Structures are given as structure tokens and as C-alpha cells.
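Listing of query.pdb, PDB, C-alpha atoms
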```pdb
MODEL        1
ATOM      1  CA  PRO A   1      -3.920   7.794 -18.353
ATOM      2  CA  SER A   2      -1.936   9.949 -20.731
ATOM      3  CA  SER A   3      -3.308  10.817 -24.187
ATOM      4  CA  VAL A   4       0.083   9.838 -25.603
ATOM      5  CA  PRO A   5       0.057   6.110 -26.495
ATOM      6  CA  MET A   6       2.181   3.829 -24.324
ATOM      7  CA  VAL A   7       4.939   2.238 -26.389
ATOM      8  CA  GLY A   8       6.741  -1.020 -25.648
ATOM      9  CA  ARG A   9       4.901  -1.973 -22.467
ATOM     10  CA  GLN A  10       1.532  -3.257 -23.713
ATOM     11  CA  GLU A  11       2.421  -6.878 -22.973
ATOM     12  CA  ASP A  12       3.413  -5.915 -19.437
ATOM     13  CA  PHE A  13       0.171  -3.965 -19.022
ATOM     14  CA  ASP A  14      -1.823  -6.985 -20.154
ATOM     15  CA  THR A  15       0.078  -9.107 -17.617
ATOM     16  CA  LEU A  16      -0.961  -6.768 -14.806
ATOM     17  CA  VAL A  17      -4.592  -6.900 -15.915
ATOM     18  CA  SER A  18      -4.570 -10.697 -16.185
ATOM     19  CA  ASN A  19      -3.022 -11.074 -12.729
ATOM     20  CA  TYR A  20      -5.696  -8.873 -11.200
ATOM     21  CA  SER A  21      -8.408 -10.801 -13.054
ATOM     22  CA  ALA A  22      -7.036 -14.082 -11.718
ATOM     23  CA  ILE A  23      -7.160 -12.834  -8.140
ATOM     24  CA  ALA A  24     -10.665 -11.470  -8.659
ATOM     25  CA  LYS A  25     -11.947 -15.008  -9.137
ATOM     26  CA  ASP A  26     -13.506 -16.595  -6.047
ATOM     27  CA  SER A  27     -10.534 -18.909  -5.542
ATOM     28  CA  GLY A  28      -7.906 -16.229  -6.205
ATOM     29  CA  ARG A  29      -5.043 -15.630  -3.790
ATOM     30  CA  SER A  30      -2.453 -12.885  -3.448
ATOM     31  CA  ARG A  31       0.004 -12.377  -6.269
ATOM     32  CA  LEU A  32       3.220 -10.398  -6.506
ATOM     33  CA  VAL A  33       4.164  -8.695  -9.780
ATOM     34  CA  VAL A  34       7.631  -7.164 -10.126
ATOM     35  CA  VAL A  35       8.212  -4.407 -12.692
ATOM     36  CA  ARG A  36      11.918  -3.886 -13.202
ATOM     37  CA  GLY A  37      14.288  -2.326 -15.685
ATOM     38  CA  ALA A  38      16.824   0.407 -16.249
ATOM     39  CA  GLY A  39      15.891   4.049 -15.790
ATOM     40  CA  GLY A  40      13.855   5.474 -18.648
ATOM     41  CA  THR A  41      12.397   2.158 -19.826
ATOM     42  CA  GLY A  42       8.763   2.986 -19.054
ATOM     43  CA  LYS A  43       8.222   1.560 -15.570
ATOM     44  CA  THR A  44       6.635   4.743 -14.219
ATOM     45  CA  ARG A  45       4.359   5.085 -17.247
ATOM     46  CA  LEU A  46       3.271   1.453 -16.980
ATOM     47  CA  MET A  47       2.337   1.877 -13.321
ATOM     48  CA  LYS A  48       0.462   5.089 -14.117
ATOM     49  CA  GLU A  49      -1.517   3.404 -16.899
ATOM     50  CA  PHE A  50      -2.491   0.499 -14.668
ATOM     51  CA  ARG A  51      -3.587   2.813 -11.873
ATOM     52  CA  GLY A  52      -5.734   4.584 -14.460
ATOM     53  CA  TYR A  53      -7.229   1.245 -15.489
ATOM     54  CA  LEU A  54      -8.114   0.435 -11.875
ATOM     55  CA  ALA A  55      -9.604   3.876 -11.266
ATOM     56  CA  LYS A  56     -11.702   3.660 -14.448
ATOM     57  CA  ASN A  57     -13.103   0.330 -13.247
ATOM     58  CA  LYS A  58     -13.668   1.657  -9.700
ATOM     59  CA  ILE A  59     -11.183  -0.816  -8.206
ATOM     60  CA  ARG A  60      -9.552   0.327  -4.999
ATOM     61  CA  TYR A  61      -5.790   0.616  -4.775
ATOM     62  CA  ILE A  62      -3.187   2.077  -2.456
ATOM     63  CA  SER A  63      -0.111   3.577  -4.030
ATOM     64  CA  THR A  64       3.135   4.762  -2.493
ATOM     65  CA  SER A  65       6.412   5.815  -4.044
ATOM     66  CA  PHE A  66       9.850   5.820  -2.461
ATOM     67  CA  SER A  67      12.418   8.527  -3.130
ATOM     68  CA  ARG A  68      16.062   9.152  -2.326
ATOM     69  CA  HIS A  69      14.987  12.133  -0.201
ATOM     70  CA  GLU A  70      13.100   9.885   2.238
ATOM     71  CA  ASN A  71      15.285   6.799   2.531
ATOM     72  CA  ASN A  72      16.676   8.028   5.846
ATOM     73  CA  LEU A  73      13.117   8.305   7.259
ATOM     74  CA  PRO A  74      11.852   4.795   8.063
ATOM     75  CA  PHE A  75       8.272   4.098   6.888
ATOM     76  CA  ASN A  76       7.748   7.704   5.740
ATOM     77  CA  ALA A  77       6.912   6.848   2.125
ATOM     78  CA  LEU A  78       4.704   3.927   3.158
ATOM     79  CA  ALA A  79       2.855   6.059   5.690
ATOM     80  CA  ASN A  80       2.294   8.819   3.115
ATOM     81  CA  GLY A  81       0.656   6.424   0.653
ATOM     82  CA  PHE A  82      -1.684   4.886   3.214
ATOM     83  CA  ASN A  83      -2.451   8.273   4.790
ATOM     84  CA  GLU A  84      -3.511   9.668   1.410
ATOM     85  CA  TYR A  85      -5.857   6.754   0.815
ATOM     86  CA  LEU A  86      -7.364   6.800   4.314
ATOM     87  CA  VAL A  87      -7.975  10.555   4.302
ATOM     88  CA  HIS A  88      -9.549  10.395   0.831
ATOM     89  CA  VAL A  89     -11.925   7.606   1.869
ATOM     90  CA  TYR A  90     -12.833   9.314   5.138
ATOM     91  CA  LYS A  91     -13.712  12.587   3.405
ATOM     92  CA  THR A  92     -15.463  11.278   0.296
ATOM     93  CA  GLN A  93     -16.785   7.749   0.927
ATOM     94  CA  PRO A  94     -18.642   7.596   4.268
ATOM     95  CA  PHE A  95     -20.036   4.083   3.759
ATOM     96  CA  GLU A  96     -16.621   2.626   2.980
ATOM     97  CA  ALA A  97     -15.059   4.637   5.811
ATOM     98  CA  GLU A  98     -17.545   3.154   8.287
ATOM     99  CA  GLU A  99     -16.762  -0.333   6.996
ATOM    100  CA  ILE A 100     -13.028   0.258   7.538
ATOM    101  CA  ARG A 101     -13.753   1.621  11.021
ATOM    102  CA  ARG A 102     -15.685  -1.523  11.912
ATOM    103  CA  LYS A 103     -12.902  -3.800  10.658
ATOM    104  CA  VAL A 104     -10.215  -1.764  12.431
ATOM    105  CA  LYS A 105     -12.058  -2.162  15.716
ATOM    106  CA  THR A 106     -12.452  -5.914  15.163
ATOM    107  CA  LEU A 107      -9.068  -6.824  13.675
ATOM    108  CA  LEU A 108      -6.726  -4.321  15.315
ATOM    109  CA  GLY A 109      -8.263  -3.634  18.698
ATOM    110  CA  PRO A 110      -5.674  -2.042  21.005
ATOM    111  CA  THR A 111      -2.887  -2.393  18.420
ATOM    112  CA  GLY A 112      -4.615   0.254  16.308
ATOM    113  CA  LYS A 113      -3.082   3.025  18.397
ATOM    114  CA  MET A 114       0.376   1.559  17.887
ATOM    115  CA  LEU A 115      -0.098   1.577  14.122
ATOM    116  CA  ALA A 116      -1.617   5.074  14.100
ATOM    117  CA  SER A 117       1.567   6.422  15.706
ATOM    118  CA  VAL A 118       3.151   5.853  12.273
ATOM    119  CA  VAL A 119       0.127   5.923   9.930
ATOM    120  CA  GLN A 120      -1.574   9.027  11.308
ATOM    121  CA  GLY A 121      -4.349   8.828   8.718
ATOM    122  CA  LEU A 122      -5.759   5.930  10.720
ATOM    123  CA  LYS A 123      -6.703   8.199  13.649
ATOM    124  CA  PRO A 124     -10.257   9.091  12.512
ATOM    125  CA  TYR A 125     -11.072   5.390  12.268
ATOM    126  CA  LEU A 126     -10.100   4.790  15.891
ATOM    127  CA  MET A 127     -12.132   7.535  17.531
ATOM    128  CA  GLU A 128     -15.833   8.259  17.707
ATOM    129  CA  ASP A 129     -15.262  12.015  17.834
ATOM    130  CA  SER A 130     -12.898  12.983  15.022
ATOM    131  CA  SER A 131     -13.493  16.747  15.200
ATOM    132  CA  ASP A 132     -10.266  17.412  17.092
ATOM    133  CA  LEU A 133      -7.820  14.569  16.609
ATOM    134  CA  PRO A 134      -4.764  14.479  18.868
ATOM    135  CA  GLN A 135      -1.309  13.434  17.761
ATOM    136  CA  ILE A 136      -0.971   9.744  18.601
ATOM    137  CA  THR A 137       2.314   8.545  20.040
ATOM    138  CA  THR A 138       3.448   5.326  21.686
ATOM    139  CA  GLU A 139       6.533   4.020  23.430
ATOM    140  CA  LEU A 140       7.195   1.807  20.414
ATOM    141  CA  ASP A 141      10.884   1.199  19.646
ATOM    142  CA  LEU A 142      11.015  -0.169  16.116
ATOM    143  CA  ASP A 143      14.725  -0.900  16.430
ATOM    144  CA  LYS A 144      13.805  -3.683  18.857
ATOM    145  CA  GLU A 145      12.849  -6.928  17.142
ATOM    146  CA  GLY A 146       9.936  -7.598  19.477
ATOM    147  CA  ASP A 147       8.380  -4.174  18.920
ATOM    148  CA  PHE A 148       9.013  -4.349  15.181
ATOM    149  CA  ALA A 149       7.432  -7.810  14.934
ATOM    150  CA  ASP A 150       4.335  -6.538  16.759
ATOM    151  CA  PHE A 151       4.149  -3.515  14.472
ATOM    152  CA  ALA A 152       4.574  -5.643  11.326
ATOM    153  CA  LYS A 153       1.745  -7.943  12.424
ATOM    154  CA  ALA A 154      -0.500  -4.951  13.189
ATOM    155  CA  PHE A 155       0.331  -3.424   9.795
ATOM    156  CA  SER A 156      -0.598  -6.643   8.009
ATOM    157  CA  ASP A 157      -3.859  -6.880   9.965
ATOM    158  CA  PHE A 158      -4.558  -3.271   9.043
ATOM    159  CA  THR A 159      -4.217  -3.957   5.301
ATOM    160  CA  ARG A 160      -6.884  -6.646   5.681
ATOM    161  CA  CYS A 161      -9.212  -3.907   6.929
ATOM    162  CA  LEU A 162      -8.967  -2.274   3.497
ATOM    163  CA  ALA A 163     -10.163  -5.364   1.635
ATOM    164  CA  ASN A 164     -13.707  -6.431   0.925
ATOM    165  CA  GLU A 165     -15.311  -9.658  -0.165
ATOM    166  CA  SER A 166     -16.351  -8.475  -3.623
ATOM    167  CA  GLU A 167     -13.014  -7.401  -5.084
ATOM    168  CA  PRO A 168      -9.274  -7.636  -4.432
ATOM    169  CA  VAL A 169      -7.142  -4.643  -3.486
ATOM    170  CA  ALA A 170      -4.036  -3.553  -5.390
ATOM    171  CA  PHE A 171      -0.960  -2.200  -3.624
ATOM    172  CA  PHE A 172       1.674  -0.251  -5.568
ATOM    173  CA  PHE A 173       5.177   0.085  -4.146
ATOM    174  CA  ASP A 174       7.020   2.276  -6.664
ATOM    175  CA  ASP A 175      10.786   2.859  -6.892
ATOM    176  CA  MET A 176      11.717   0.251  -4.302
ATOM    177  CA  HIS A 177      15.388   0.856  -5.043
ATOM    178  CA  TRP A 178      15.053   3.961  -2.835
ATOM    179  CA  ALA A 179      13.325   2.168   0.048
ATOM    180  CA  ASP A 180      14.844   2.229   3.539
ATOM    181  CA  ASP A 181      15.761  -1.070   5.214
ATOM    182  CA  LYS A 182      12.893  -0.925   7.712
ATOM    183  CA  SER A 183      10.311  -0.474   4.962
ATOM    184  CA  LEU A 184      11.811  -3.351   2.991
ATOM    185  CA  ASP A 185      11.573  -5.584   6.052
ATOM    186  CA  LEU A 186       7.994  -4.471   6.714
ATOM    187  CA  ILE A 187       6.918  -5.158   3.118
ATOM    188  CA  ASP A 188       8.590  -8.579   3.233
ATOM    189  CA  ARG A 189       6.582  -9.487   6.328
ATOM    190  CA  PHE A 190       3.464  -7.977   4.793
ATOM    191  CA  LEU A 191       3.857 -10.366   1.848
ATOM    192  CA  SER A 192       4.334 -13.346   4.164
ATOM    193  CA  TYR A 193       1.384 -12.560   6.431
ATOM    194  CA  ASN A 194      -1.040 -11.866   3.579
ATOM    195  CA  ASN A 195      -0.329 -14.749   1.240
ATOM    196  CA  SER A 196      -3.870 -16.078   1.675
ATOM    197  CA  GLN A 197      -5.555 -12.692   1.057
ATOM    198  CA  ARG A 198      -6.869 -11.450  -2.305
ATOM    199  CA  PHE A 199      -4.227  -8.775  -2.843
ATOM    200  CA  LEU A 200      -2.293  -7.770  -5.942
ATOM    201  CA  LEU A 201       1.113  -6.456  -4.906
ATOM    202  CA  ILE A 202       3.012  -4.524  -7.566
ATOM    203  CA  ILE A 203       6.632  -3.575  -6.956
ATOM    204  CA  SER A 204       8.818  -1.538  -9.277
ATOM    205  CA  TYR A 205      12.546  -1.029  -9.036
ATOM    206  CA  ARG A 206      15.553  -0.134 -11.135
ATOM    207  CA  THR A 207      17.913  -2.929 -12.076
ATOM    208  CA  VAL A 208      21.043  -0.834 -12.638
ATOM    209  CA  GLY A 209      23.013   1.556 -10.452
ATOM    210  CA  VAL A 210      20.934   4.298  -8.832
ATOM    211  CA  GLN A 211      22.345   7.709  -9.581
ATOM    212  CA  GLN A 212      21.215  11.043  -8.267
ATOM    213  CA  GLY A 213      18.695  12.717 -10.549
ATOM    214  CA  GLN A 214      17.410   9.576 -12.275
ATOM    215  CA  ALA A 215      13.724   8.677 -12.208
TER
ENDMDL
END
```
For this file, write the structure as C-alpha cells.
Amino acid sequence: PSSVPMVGRQEDFDTLVSNYSAIAKDSGRSRLVVVRGAGGTGKTRLMKEFRGYLAKNKIRYISTSFSRHENNLPFNALANGFNEYLVHVYKTQPFEAEEIRRKVKTLLGPTGKMLASVVQGLKPYLMEDSSDLPQITTELDLDKEGDFADFAKAFSDFTRCLANESEPVAFFFDDMHWADDKSLDLIDRFLSYNNSQRFLLIISYRTVGVQQGQA
């Protein structure tokens, strides 16, 4: 977190903390928190402060941010966020990486390869020998509803592989106003499939017209 005090968003920060605490209880279920407002009203700072809070308390989270430069590349921003997390865990947390590998094998099975064609950071968790990982491709056509539905289900199953029984997982989807249509559809299905999981889903977006150069 920044050394400069956060102004005007403390109540919102407390809301994020209380929502996570509620999910962390044994009977907690997934919650969706929406952070919205005009450009320059502190959304980015609020998200940064809450990520800092989670990191300080050793709570796992996956964070991805959409941008106007990627909204013509379906799933690119989503894949980048999950790739960063998966690579970090694989390189620095061997016990957790092995736990994810076990869950991937159990929950994804053969659909893991389909998902790894988009989320390439999943590759080391699919193979016993990760010293020379090939590029994974499939014949998946995500413009076809059947293929997209299969991919969305596999993606939702994959997110369950990142959870554990002791604590919920937080997912940050920043700047959703820049998201491509396919990513929006995937996140919508992700929310539907994982309603019974212990996830905190945090979405931020701008409520007024999006203009080039705004943050």
C-alpha cells in the first residue's frame, strides 16, 4: 500500500474487508462486490489498498486488469492475470503448486489441455516433466457456442483448483469497461458456476463515458 493516506474510500475499503470476512466463515458463500465511479474517483487506489491488505495477511488472490489496448484480443487480459499467478506459485511455492497440480488432474482431466491453450501458465501443472514445455494448441473454436460453453465450464472448474478449504480466494477484475465481449461472457458464466464456492469477486468499472487516455 502507498505511504500516502487513502482519502474518501475508507468506508468502501471496510466493506471489502467485511465481505471477505463473511466468506471466510465456515458457512460463507461467494460474494460479488462492484466498485464503480467516474474516472479519478479512487477506484484504482482502493483496489490496490485491498490487494495490499490481502498480501499482508497472506491471503491468496488473482488479479487481472483490462485495457483499451487489449479489448480486441479475447481473453488476453484474463489469461495474463491467471498466468502471472500460476507462474509465481510454480516458481516460489512448491507445496501449493503440487496441490494445484493434484486438483487440476482430478477436476479438469482431459479438459485441462483445452484450457491451457488459452491460459498457458497452466502447462506445468499438466505435465510431469516441465523442463521443456511445448506450446499447447487445440482445435477449439470459441466462436461456436458449444466450444465456448465447454471452455467456460473448464475455466470455472479450473478456478476451483485454486481454492483451499482453509480460506477463500479473491478475484480482481479491474477496469471492466475495457473488457471484450468474450471475457464478459466468460466472467458471467464463471459467476454462475461458482455461486456455491467461497470466492470473493471484485469488479471495477467506470460509470461514465470511456475516453482515450483516462485511467
Name all residues at most 10 Å from Ala179 of chain A (count all atoms listed in the file; drop same-chain ones fewer than 5 positions away) and give them as a list in words. Ser65, Phe66, Ser67, Arg68, Glu70, Asn71, Asn72, Leu73, Pro74, Phe75, Asn76, Ala77, Leu78, Phe173, Asp174, Leu184, Asp185 and Tyr205 of chain A
For the residues selected in the previous step, produce a file with C-alpha atoms as a PDB file, keeping the file's coordinate frame.
```
ATOM      1  CA  SER A  65       6.412   5.815  -4.044  1.00  0.00           C
ATOM      2  CA  PHE A  66       9.850   5.820  -2.461  1.00  0.00           C
ATOM      3  CA  SER A  67      12.418   8.527  -3.130  1.00  0.00           C
ATOM      4  CA  ARG A  68      16.062   9.152  -2.326  1.00  0.00           C
ATOM      5  CA  GLU A  70      13.100   9.885   2.238  1.00  0.00           C
ATOM      6  CA  ASN A  71      15.285   6.799   2.531  1.00  0.00           C
ATOM      7  CA  ASN A  72      16.676   8.028   5.846  1.00  0.00           C
ATOM      8  CA  LEU A  73      13.117   8.305   7.259  1.00  0.00           C
ATOM      9  CA  PRO A  74      11.852   4.795   8.063  1.00  0.00           C
ATOM     10  CA  PHE A  75       8.272   4.098   6.888  1.00  0.00           C
ATOM     11  CA  ASN A  76       7.748   7.704   5.740  1.00  0.00           C
ATOM     12  CA  ALA A  77       6.912   6.848   2.125  1.00  0.00           C
ATOM     13  CA  LEU A  78       4.704   3.927   3.158  1.00  0.00           C
ATOM     14  CA  PHE A 173       5.177   0.085  -4.146  1.00  0.00           C
ATOM     15  CA  ASP A 174       7.020   2.276  -6.664  1.00  0.00           C
ATOM     16  CA  LEU A 184      11.811  -3.351   2.991  1.00  0.00           C
ATOM     17  CA  ASP A 185      11.573  -5.584   6.052  1.00  0.00           C
ATOM     18  CA  TYR A 205      12.546  -1.029  -9.036  1.00  0.00           C
TER      19      TYR A 205
END
```
What do you get, as a ChimeraX atom specification, if you spell out every residue that the PyMOL selection byres ((chain A and resi 149) around 12) selects here? /A:140-148,150-156,182,185-186,188-190,193
Quick one: apply the PyMOL selection byres ((chain A and resi 13-30) around 6) to the file and drop the selected residues here as a PyMOL selection string. chain A and resi 10-12+31+167-168+195-200
Give as a list in words the residues that the PyMOL selection byres ((chain A and resi 63) around 9) matches when applied to the coordinates above.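 Against this file, the PyMOL selection byres ((chain A and resi 63) around 9) returns the residues Arg51, Tyr61, Ile62, Thr64, Ser65, Leu78, Gly81, Phe82, Glu84, Tyr85, Ala170, Phe171, Phe172, Phe173 and Asp174 of chain A.
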Would you mind reading off the distance between atom CA of Leu201 of chain A and atom CA of Leu32 of chain A, one decimal, in Å? 4.7 Å
Between atom CA of Glu165 of chain A and atom CA of Lys56 of chain A, what is the distance in Å, rounded to a tenth?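 Between atom CA of Glu165 of chain A and atom CA of Lys56 of chain A the gap is 19.9 Å.
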Among listed residues A:Ile202, A:Tyr125, A:Thr111, A:Ile187, nearest Glu96 of chain A (using all atoms listed in the file): A:Tyr125
What's the 8 Å shell around Thr207 of chain A, counting only C-alpha atoms, without same-chain residues fewer than 3 positions away, as a PDB file with C-alpha atoms, in the coordinates of the input?
```
ATOM      1  CA  ARG A  36      11.918  -3.886 -13.202  1.00  0.00           C
ATOM      2  CA  GLY A  37      14.288  -2.326 -15.685  1.00  0.00           C
ATOM      3  CA  ALA A  38      16.824   0.407 -16.249  1.00  0.00           C
TER       4      ALA A  38
END
```
Separation of atom CA of Gly39 of chain A and atom CA of Ala55 of chain A, in Å? 25.9 Å
